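Below is one structure, written out as structure tokens; the observations come after it.
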Amino acid sequence: MIYIGCHLSTTDGYDAMGQKMTGFGGNTFAWFTRNPRGGRTKPLYEADIDALYKHLKENSFGPLVAHASYTMNLCSSKEETRANGLDMLQQDLKRMEMFPGQMYTFHPGSHTGQGVEIGIQQIADALNHVMKSNTTVLLETMAGK
């Protein structure tokens, strides 16, 4: 099965994204878990998500992909930035529990001069700390990296 979709806005809700994608002729989509350039999240409403899941089933959708904020950096040289990123990751994965069977992707960040080995270890430590979820977590490389 081939899944085709695009990135959609959560502005009108989750079921609206499914309806819109069906109108486009697609059968999957991606969305940001929070403002892509900031940290604010949109409230989740169980009835909206239930309606989305009904629509996904009725229209043979494939897995969906939630995308984290671009501001998350799990391997920054700044402890405060790493802690903020870990907090975002934990919150997002908790929210993803309302979307069983879906995927979550994020850019792990930049080591900001500490070296690749330290950056990789910090990312691994963060993932080991939060991986108590049934959500499939995907790491996406940074542009040009």
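Each chain in the structure tokens gets a letter, A, B and so on, in the order shown; residues start at 1 in every chain, and ligands are counted from 1 in the order they appear.
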
Next on the checklist: At a cut-off of 12 Å, using only C-alpha atoms, what residues contact A:Gly23? Leave out same-chain residues fewer than 5 positions from it and give the result as a count of residues only.
Outcome noted: 6

Next on the checklist: Please list as a PyMOL selection string every residue within 12 Å of A:Arg34, counting only C-alpha atoms and excluding residues in the same chain fewer than 2 positions away.
Outcome noted: chain A and resi 9-11+31-32+36-44+66-72+88-89+91-93+95-96+106

What would the file look like if the residues just selected were written as an mmCIF file, in the first residue's frame with N, CA and C atoms?
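So the final result, stored in out_20.cif, reads:
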```
data_model
loop_
_atom_site.group_PDB
_atom_site.id
_atom_site.type_symbol
_atom_site.label_atom_id
_atom_site.label_comp_id
_atom_site.auth_asym_id
_atom_site.auth_seq_id
_atom_site.Cartn_x
_atom_site.Cartn_y
_atom_site.Cartn_z
ATOM 1 N N SER A 9 -2.371 21.782 9.062
ATOM 2 C CA SER A 9 -2.502 22.613 10.260
ATOM 3 C C SER A 9 -3.555 22.030 11.194
ATOM 4 N N THR A 10 -3.302 22.113 12.495
ATOM 5 C CA THR A 10 -4.261 21.655 13.502
ATOM 6 C C THR A 10 -5.314 22.719 13.835
ATOM 7 N N THR A 11 -5.286 23.844 13.164
ATOM 8 C CA THR A 11 -6.154 24.974 13.502
ATOM 9 C C THR A 11 -7.621 24.584 13.647
ATOM 10 N N TRP A 31 1.446 16.530 11.151
ATOM 11 C CA TRP A 31 1.074 17.764 11.827
ATOM 12 C C TRP A 31 2.121 18.067 12.890
ATOM 13 N N PHE A 32 2.197 19.319 13.299
ATOM 14 C CA PHE A 32 3.085 19.715 14.379
ATOM 15 C C PHE A 32 2.383 19.501 15.714
ATOM 16 N N PRO A 36 5.644 25.193 15.641
ATOM 17 C CA PRO A 36 6.947 24.722 15.169
ATOM 18 C C PRO A 36 8.120 25.631 15.525
ATOM 19 N N ARG A 37 7.867 26.889 15.790
ATOM 20 C CA ARG A 37 8.943 27.822 16.135
ATOM 21 C C ARG A 37 8.874 28.273 17.588
ATOM 22 N N GLY A 38 8.028 27.626 18.350
ATOM 23 C CA GLY A 38 7.874 27.996 19.755
ATOM 24 C C GLY A 38 7.561 26.778 20.572
ATOM 25 N N GLY A 39 6.820 26.940 21.619
ATOM 26 C CA GLY A 39 6.553 25.811 22.480
ATOM 27 C C GLY A 39 5.110 25.566 22.825
ATOM 28 N N ARG A 40 4.207 26.448 22.398
ATOM 29 C CA ARG A 40 2.797 26.309 22.793
ATOM 30 C C ARG A 40 2.149 25.102 22.130
ATOM 31 N N THR A 41 1.264 24.453 22.881
ATOM 32 C CA THR A 41 0.515 23.318 22.358
ATOM 33 C C THR A 41 -0.954 23.680 22.229
ATOM 34 N N LYS A 42 -1.627 22.995 21.336
ATOM 35 C CA LYS A 42 -3.070 23.157 21.158
ATOM 36 C C LYS A 42 -3.752 22.112 22.050
ATOM 37 N N PRO A 43 -4.833 22.482 22.722
ATOM 38 C CA PRO A 43 -5.533 21.492 23.557
ATOM 39 C C PRO A 43 -6.007 20.294 22.725
ATOM 40 N N LEU A 44 -6.021 19.130 23.348
ATOM 41 C CA LEU A 44 -6.532 17.917 22.710
ATOM 42 C C LEU A 44 -7.931 17.642 23.254
ATOM 43 N N ALA A 66 3.297 12.816 13.611
ATOM 44 C CA ALA A 66 3.343 14.066 14.353
ATOM 45 C C ALA A 66 4.788 14.552 14.351
ATOM 46 N N HIS A 67 4.986 15.845 14.223
ATOM 47 C CA HIS A 67 6.333 16.422 14.154
ATOM 48 C C HIS A 67 6.522 17.394 15.307
ATOM 49 N N ALA A 68 7.645 17.266 15.995
ATOM 50 C CA ALA A 68 7.967 18.139 17.126
ATOM 51 C C ALA A 68 8.358 19.534 16.652
ATOM 52 N N SER A 69 8.386 20.437 17.593
ATOM 53 C CA SER A 69 8.828 21.801 17.339
ATOM 54 C C SER A 69 10.284 21.810 16.886
ATOM 55 N N TYR A 70 10.599 22.727 15.995
ATOM 56 C CA TYR A 70 11.980 22.872 15.526
ATOM 57 C C TYR A 70 12.903 23.399 16.626
ATOM 58 N N THR A 71 12.343 23.983 17.663
ATOM 59 C CA THR A 71 13.174 24.596 18.701
ATOM 60 C C THR A 71 13.742 23.576 19.692
ATOM 61 N N MET A 72 13.275 22.347 19.645
ATOM 62 C CA MET A 72 13.762 21.318 20.556
ATOM 63 C C MET A 72 15.202 20.950 20.194
ATOM 64 N N MET A 88 9.818 19.131 26.410
ATOM 65 C CA MET A 88 8.950 19.088 25.221
ATOM 66 C C MET A 88 8.749 17.651 24.751
ATOM 67 N N LEU A 89 9.830 16.891 24.702
ATOM 68 C CA LEU A 89 9.760 15.501 24.250
ATOM 69 C C LEU A 89 8.845 14.690 25.164
ATOM 70 N N GLN A 91 6.405 15.782 27.155
ATOM 71 C CA GLN A 91 5.019 16.234 26.987
ATOM 72 C C GLN A 91 4.431 15.714 25.674
ATOM 73 N N ASP A 92 5.202 15.809 24.602
ATOM 74 C CA ASP A 92 4.701 15.358 23.297
ATOM 75 C C ASP A 92 4.393 13.865 23.309
ATOM 76 N N LEU A 93 5.282 13.062 23.875
ATOM 77 C CA LEU A 93 5.035 11.622 23.900
ATOM 78 C C LEU A 93 3.836 11.284 24.781
ATOM 79 N N ARG A 95 1.213 13.242 25.098
ATOM 80 C CA ARG A 95 0.083 13.613 24.242
ATOM 81 C C ARG A 95 -0.140 12.570 23.142
ATOM 82 N N MET A 96 0.934 11.977 22.662
ATOM 83 C CA MET A 96 0.820 10.978 21.591
ATOM 84 C C MET A 96 0.110 9.711 22.055
ATOM 85 N N PHE A 106 11.231 13.989 15.185
ATOM 86 C CA PHE A 106 11.839 15.233 15.629
ATOM 87 C C PHE A 106 13.273 15.322 15.139
#
```

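Atom pair atom CA of A:Pro63 / atom CA of A:Ala30 has a distance of 9.4 Å (rounded to one decimal).
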
Checklist entry - Counting only C-alpha atoms, what is within 7 Å of A:Val65, bar same-chain residues fewer than 3 positions away, as a PyMOL selection string? => result chain A and resi 29-31+102-105

Just the selected residues (N, CA and C atoms), exported as a JSON list (two decimals), in the first residue's frame, please.
```
[["chain", "number", "residue", "atom", "x", "y", "z"],
["A", 29, "PHE", "N", -1.23, 11.95, 6.81],
["A", 29, "PHE", "CA", -0.83, 13.35, 6.92],
["A", 29, "PHE", "C", 0.11, 13.51, 8.10],
["A", 30, "ALA", "N", 0.74, 14.66, 8.15],
["A", 30, "ALA", "CA", 1.62, 15.02, 9.26],
["A", 30, "ALA", "C", 1.10, 16.31, 9.88],
["A", 31, "TRP", "N", 1.45, 16.53, 11.15],
["A", 31, "TRP", "CA", 1.07, 17.76, 11.83],
["A", 31, "TRP", "C", 2.12, 18.07, 12.89],
["A", 102, "GLN", "N", 0.45, 5.70, 15.96],
["A", 102, "GLN", "CA", 0.98, 6.73, 15.06],
["A", 102, "GLN", "C", 2.46, 6.97, 15.35],
["A", 103, "MET", "N", 3.07, 7.82, 14.56],
["A", 103, "MET", "CA", 4.50, 8.07, 14.68],
["A", 103, "MET", "C", 4.78, 9.51, 15.09],
["A", 104, "TYR", "N", 5.96, 9.71, 15.69],
["A", 104, "TYR", "CA", 6.39, 11.01, 16.16],
["A", 104, "TYR", "C", 7.82, 11.22, 15.68],
["A", 105, "THR", "N", 8.05, 12.33, 15.00],
["A", 105, "THR", "CA", 9.39, 12.60, 14.49],
["A", 105, "THR", "C", 9.91, 13.92, 15.03]]
```

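Counting only C-alpha atoms and comparing A:His107, A:His129, A:Lys54, A:Lys20, the residue that lies closest to A:Gln90 is A:His129.
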
Checklist entry - So, counting only C-alpha atoms, which residue among A:Glu97, A:Gly25, A:Asp48, A:Asn134 is closest to A:Asp12? => result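 Of A:Glu97, A:Gly25, A:Asp48, A:Asn134, the one nearest A:Asp12, counting only C-alpha atoms, is A:Asp48.
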
Next on the checklist: When you count only C-alpha atoms, which of these residues is closest to A:Leu56: A:Thr81, A:Thr22, A:Ser76, A:Asn35?
Outcome noted: A:Thr22

Next on the checklist: Based on the backbone DSSP call, show me all residues of chain A assigned helix (DSSP H, G or I), as a PyMOL selection string.
Outcome noted: chain A and resi 14-24+46-58+79-96+116-130

Next on the checklist: Considering only strand (DSSP E or B) as DSSP defines it on the backbone, what residues of chain A qualify? List them as a ChimeraX atom specification.
Outcome noted: /A:5-7,28-32,65-67,103-106,136-139

Item to check | Among the residues A:Ile49, A:Pro100, A:Asp87, A:Gly113, the one that comes closest to A:Leu127 [using only C-alpha atoms] | outcome: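 With only C-alpha atoms as the atom set, the closest residue is A:Asp87.
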
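As for atom CA of A:Gly115 and atom CA of A:Leu74, they are spaced 13.5 Å apart.
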
Item to check | Residue with smallest distance to A:Gln114 - pool A:Met21, A:Cys75, A:Ala51, A:Val130, counting only C-alpha atoms | outcome: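 Among the listed residues, A:Cys75 lies closest to A:Gln114.
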
Checklist entry - Which of these residues is nearest to A:Gln19, using only C-alpha atoms: A:His111, A:Arg82, A:Lys132, A:His55? => result A:His55
